[in-house]
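Here is the structure we will look at.
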Amino acid sequence: MLGGSVQTVDIEGLRDISGNTESMGLKFDYQIWDTLSLNLSVYDFGEVEETYIDGNGDKIKDSIELNSINFGASYGVDLTESSILEFSVGASYWEVLFSEKDSFFSSSEFTDTEKGVSPYIGIGYKYFLGRSYSLGVDYLYSKIEYDIDSFSSEHEMNSFYINLAFHF
């Protein structure tokens, strides 16, 4: 899956970081019934960066990189004989890497890594190109909370993907 994410990170007491990133993922579905499937997916949501000048005149560059492994279930509704609308829910096992560079301390960099689990929801559309292939679009929403060096953070993601699937 290839697409993009709109990421907004609200860090209590610090500057917010937001931006659009290129994202990619790999998803495996196991069809249980005609309408229900279990899925496992791996996502790289890209890196969001913010550069600014602080009160001392130093150039600060903050960046946040997010990756996740998702376990979930999808319920599909047939729209036509060759198209399906899917609704997904699940758990996202994520890892966030925060880094900050200060021009005053050019030889050092502050980094912090956080891990956790948060729910996600999604919706998608699949159009079957015969028995073995489908072309689709997906939307995934997730909001995670973590601490960066004792600063509470909320990280909200809206991700959109285009995918080509092989069915066997």
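Naming works like this for the structure tokens: A, B, ... for the chains as they're shown, residue 1 at the start of each chain, ligands 1 onward in shown order.
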
Inset, instruction - With a distance cut-off of 12 Å and only C-alpha atoms, select the neighbouring residues of region 124-127 of chain A, excluding the residue or stretch itself and same-chain residues fewer than 3 positions from it, and output the selection as a PyMOL selection string. - result: chain A and resi 74-89+121+130-141+159-167

Export, as an mmCIF file, in the first residue's frame, the selected residues with N, CA and C atoms.
data_model
loop_
_atom_site.group_PDB
_atom_site.id
_atom_site.type_symbol
_atom_site.label_atom_id
_atom_site.label_comp_id
_atom_site.auth_asym_id
_atom_site.auth_seq_id
_atom_site.Cartn_x
_atom_site.Cartn_y
_atom_site.Cartn_z
ATOM 1 N N SER A 74 -11.908 -6.904 9.669
ATOM 2 C CA SER A 74 -12.626 -6.093 8.689
ATOM 3 C C SER A 74 -13.953 -6.767 8.361
ATOM 4 N N TYR A 75 -14.969 -5.940 8.258
ATOM 5 C CA TYR A 75 -16.303 -6.408 7.853
ATOM 6 C C TYR A 75 -16.610 -5.792 6.495
ATOM 7 N N GLY A 76 -16.930 -6.631 5.525
ATOM 8 C CA GLY A 76 -17.177 -6.152 4.172
ATOM 9 C C GLY A 76 -18.642 -6.194 3.788
ATOM 10 N N VAL A 77 -19.072 -5.174 3.069
ATOM 11 C CA VAL A 77 -20.439 -5.086 2.551
ATOM 12 C C VAL A 77 -20.341 -5.047 1.028
ATOM 13 N N ASP A 78 -20.989 -6.001 0.353
ATOM 14 C CA ASP A 78 -20.986 -6.019 -1.109
ATOM 15 C C ASP A 78 -21.780 -4.838 -1.638
ATOM 16 N N LEU A 79 -21.140 -4.047 -2.494
ATOM 17 C CA LEU A 79 -21.840 -2.951 -3.159
ATOM 18 C C LEU A 79 -22.359 -3.397 -4.523
ATOM 19 N N THR A 80 -21.514 -4.135 -5.231
ATOM 20 C CA THR A 80 -21.880 -4.763 -6.497
ATOM 21 C C THR A 80 -21.221 -6.138 -6.504
ATOM 22 N N GLU A 81 -21.331 -6.859 -7.614
ATOM 23 C CA GLU A 81 -20.667 -8.166 -7.709
ATOM 24 C C GLU A 81 -19.155 -8.049 -7.665
ATOM 25 N N SER A 82 -18.629 -6.891 -8.035
ATOM 26 C CA SER A 82 -17.175 -6.736 -8.106
ATOM 27 C C SER A 82 -16.617 -5.657 -7.174
ATOM 28 N N SER A 83 -17.417 -5.152 -6.235
ATOM 29 C CA SER A 83 -16.894 -4.132 -5.324
ATOM 30 C C SER A 83 -17.411 -4.337 -3.904
ATOM 31 N N ILE A 84 -16.556 -3.982 -2.947
ATOM 32 C CA ILE A 84 -16.835 -4.171 -1.515
ATOM 33 C C ILE A 84 -16.470 -2.900 -0.756
ATOM 34 N N LEU A 85 -17.281 -2.545 0.226
ATOM 35 C CA LEU A 85 -16.973 -1.492 1.177
ATOM 36 C C LEU A 85 -16.600 -2.189 2.485
ATOM 37 N N GLU A 86 -15.417 -1.894 3.031
ATOM 38 C CA GLU A 86 -14.930 -2.563 4.239
ATOM 39 C C GLU A 86 -14.791 -1.581 5.399
ATOM 40 N N PHE A 87 -15.152 -2.051 6.579
ATOM 41 C CA PHE A 87 -14.983 -1.307 7.826
ATOM 42 C C PHE A 87 -14.011 -2.091 8.699
ATOM 43 N N SER A 88 -12.986 -1.419 9.230
ATOM 44 C CA SER A 88 -11.938 -2.092 9.997
ATOM 45 C C SER A 88 -11.791 -1.501 11.389
ATOM 46 N N VAL A 89 -11.475 -2.365 12.347
ATOM 47 C CA VAL A 89 -11.118 -1.959 13.707
ATOM 48 C C VAL A 89 -9.990 -2.861 14.172
ATOM 49 N N ILE A 121 -9.294 2.726 13.590
ATOM 50 C CA ILE A 121 -10.473 2.428 12.784
ATOM 51 C C ILE A 121 -10.139 2.753 11.334
ATOM 52 N N GLY A 130 -11.126 -9.228 -11.582
ATOM 53 C CA GLY A 130 -11.106 -10.662 -11.840
ATOM 54 C C GLY A 130 -11.072 -11.410 -10.525
ATOM 55 N N ARG A 131 -10.762 -12.702 -10.582
ATOM 56 C CA ARG A 131 -10.773 -13.535 -9.369
ATOM 57 C C ARG A 131 -9.583 -13.278 -8.436
ATOM 58 N N SER A 132 -8.447 -12.941 -9.004
ATOM 59 C CA SER A 132 -7.223 -12.926 -8.201
ATOM 60 C C SER A 132 -6.715 -11.548 -7.789
ATOM 61 N N TYR A 133 -7.217 -10.474 -8.389
ATOM 62 C CA TYR A 133 -6.677 -9.151 -8.097
ATOM 63 C C TYR A 133 -7.780 -8.164 -7.727
ATOM 64 N N SER A 134 -7.409 -7.206 -6.879
ATOM 65 C CA SER A 134 -8.324 -6.104 -6.584
ATOM 66 C C SER A 134 -7.515 -4.817 -6.459
ATOM 67 N N LEU A 135 -8.172 -3.722 -6.755
ATOM 68 C CA LEU A 135 -7.604 -2.392 -6.611
ATOM 69 C C LEU A 135 -8.441 -1.677 -5.563
ATOM 70 N N GLY A 136 -7.797 -0.982 -4.625
ATOM 71 C CA GLY A 136 -8.575 -0.374 -3.552
ATOM 72 C C GLY A 136 -8.004 0.921 -3.031
ATOM 73 N N VAL A 137 -8.830 1.573 -2.233
ATOM 74 C CA VAL A 137 -8.426 2.757 -1.484
ATOM 75 C C VAL A 137 -8.812 2.532 -0.027
ATOM 76 N N ASP A 138 -7.974 2.995 0.893
ATOM 77 C CA ASP A 138 -8.209 2.816 2.328
ATOM 78 C C ASP A 138 -7.984 4.126 3.063
ATOM 79 N N TYR A 139 -8.735 4.301 4.141
ATOM 80 C CA TYR A 139 -8.537 5.410 5.080
ATOM 81 C C TYR A 139 -8.343 4.782 6.455
ATOM 82 N N LEU A 140 -7.349 5.241 7.194
ATOM 83 C CA LEU A 140 -7.033 4.722 8.528
ATOM 84 C C LEU A 140 -6.898 5.898 9.487
ATOM 85 N N TYR A 141 -7.567 5.814 10.647
ATOM 86 C CA TYR A 141 -7.476 6.863 11.668
ATOM 87 C C TYR A 141 -6.966 6.245 12.963
ATOM 88 N N SER A 159 -4.642 8.682 7.564
ATOM 89 C CA SER A 159 -3.831 8.104 6.485
ATOM 90 C C SER A 159 -4.720 7.602 5.354
ATOM 91 N N PHE A 160 -4.250 7.821 4.130
ATOM 92 C CA PHE A 160 -4.966 7.407 2.925
ATOM 93 C C PHE A 160 -4.019 6.557 2.078
ATOM 94 N N TYR A 161 -4.545 5.434 1.548
ATOM 95 C CA TYR A 161 -3.710 4.514 0.786
ATOM 96 C C TYR A 161 -4.411 4.055 -0.479
ATOM 97 N N ILE A 162 -3.599 3.765 -1.479
ATOM 98 C CA ILE A 162 -4.033 3.065 -2.679
ATOM 99 C C ILE A 162 -3.347 1.717 -2.628
ATOM 100 N N ASN A 163 -4.084 0.656 -2.943
ATOM 101 C CA ASN A 163 -3.471 -0.659 -2.861
ATOM 102 C C ASN A 163 -3.876 -1.547 -4.025
ATOM 103 N N LEU A 164 -2.997 -2.482 -4.328
ATOM 104 C CA LEU A 164 -3.247 -3.525 -5.292
ATOM 105 C C LEU A 164 -3.090 -4.830 -4.528
ATOM 106 N N ALA A 165 -4.105 -5.677 -4.559
ATOM 107 C CA ALA A 165 -4.085 -6.916 -3.759
ATOM 108 C C ALA A 165 -4.151 -8.141 -4.649
ATOM 109 N N PHE A 166 -3.469 -9.175 -4.221
ATOM 110 C CA PHE A 166 -3.531 -10.484 -4.851
ATOM 111 C C PHE A 166 -4.304 -11.409 -3.911
ATOM 112 N N HIS A 167 -5.311 -12.093 -4.417
ATOM 113 C CA HIS A 167 -6.157 -12.991 -3.615
ATOM 114 C C HIS A 167 -5.884 -14.434 -4.017
#

Legend entry - For region 26-42 of chain A: contacts at 6 Å, only C-alpha atoms, fewer than 3 positions along chain excluded, given as an MDAnalysis selection string: chainID A and resid 1 68:76

Kindly export the residues of the current selection with C-alpha atoms, as a PDB file, in the first residue's frame.
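Wrote part_14.pdb, looks like this:
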ATOM      1  CA  MET A   1       0.000   0.000   0.000  1.00  0.00           C
ATOM      2  CA  SER A  68       3.241   0.355  13.650  1.00  0.00           C
ATOM      3  CA  ILE A  69       2.108  -3.242  13.434  1.00  0.00           C
ATOM      4  CA  ASN A  70      -1.684  -3.554  13.375  1.00  0.00           C
ATOM      5  CA  PHE A  71      -3.903  -6.524  14.229  1.00  0.00           C
ATOM      6  CA  GLY A  72      -7.569  -6.184  13.376  1.00  0.00           C
ATOM      7  CA  ALA A  73     -10.741  -7.360  11.734  1.00  0.00           C
ATOM      8  CA  SER A  74     -12.626  -6.093   8.689  1.00  0.00           C
ATOM      9  CA  TYR A  75     -16.303  -6.408   7.853  1.00  0.00           C
ATOM     10  CA  GLY A  76     -17.177  -6.152   4.172  1.00  0.00           C
TER      11      GLY A  76
END

Inset, instruction - Based on DSSP run over this structure's backbone, return all residues of chain A in strand (DSSP E or B), as a PyMOL selection string. - result: chain A and resi 2-11+17-31+36-53+59-80+83-102+109-128+133-148+151-166

Legend entry - Residue contacts of Phe105 (chain A) (12 Å, only C-alpha atoms) excluding same-chain residues fewer than 6 positions away, as a PyMOL selection string: chain A and resi 58-61

Store the residues picked out above in a file with C-alpha atoms, as a CSV table (one decimal), in the first residue's frame.
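As written to disk, out32.csv reads:
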chain,number,residue,atom,x,y,z
A,58,ASP,CA,19.0,29.1,18.2
A,59,LYS,CA,17.6,27.0,15.3
A,60,ILE,CA,15.7,24.0,16.6
A,61,LYS,CA,14.7,21.0,14.5

Might you pull out every residue within 8 Å of Ser118 (chain A), with only C-alpha atoms counted and same-chain residues fewer than 4 positions away left off, and present them as a tab-separated table (two decimals) with N, CA and C atoms, in the first residue's frame?
chain	number	residue	atom	x	y	z
A	91	ALA	N	-6.10	-3.12	16.87
A	91	ALA	CA	-5.10	-2.58	17.80
A	91	ALA	C	-3.82	-2.29	17.03
A	92	SER	N	-3.25	-1.14	17.29
A	92	SER	CA	-2.02	-0.70	16.66
A	92	SER	C	-0.89	-0.74	17.69
A	93	TYR	N	0.13	-1.57	17.43
A	93	TYR	CA	1.31	-1.64	18.28
A	93	TYR	C	2.35	-0.72	17.63
A	94	TRP	N	2.56	0.46	18.21
A	94	TRP	CA	3.33	1.50	17.55
A	94	TRP	C	4.65	1.79	18.26
A	142	SER	N	-6.02	6.94	13.58
A	142	SER	CA	-5.49	6.50	14.87
A	142	SER	C	-5.06	7.72	15.67
A	143	LYS	N	-5.26	7.64	16.97
A	143	LYS	CA	-4.81	8.70	17.87
A	143	LYS	C	-4.08	8.01	19.01
A	144	ILE	N	-2.81	8.36	19.18
A	144	ILE	CA	-2.00	7.72	20.22
A	144	ILE	C	-1.51	8.78	21.20
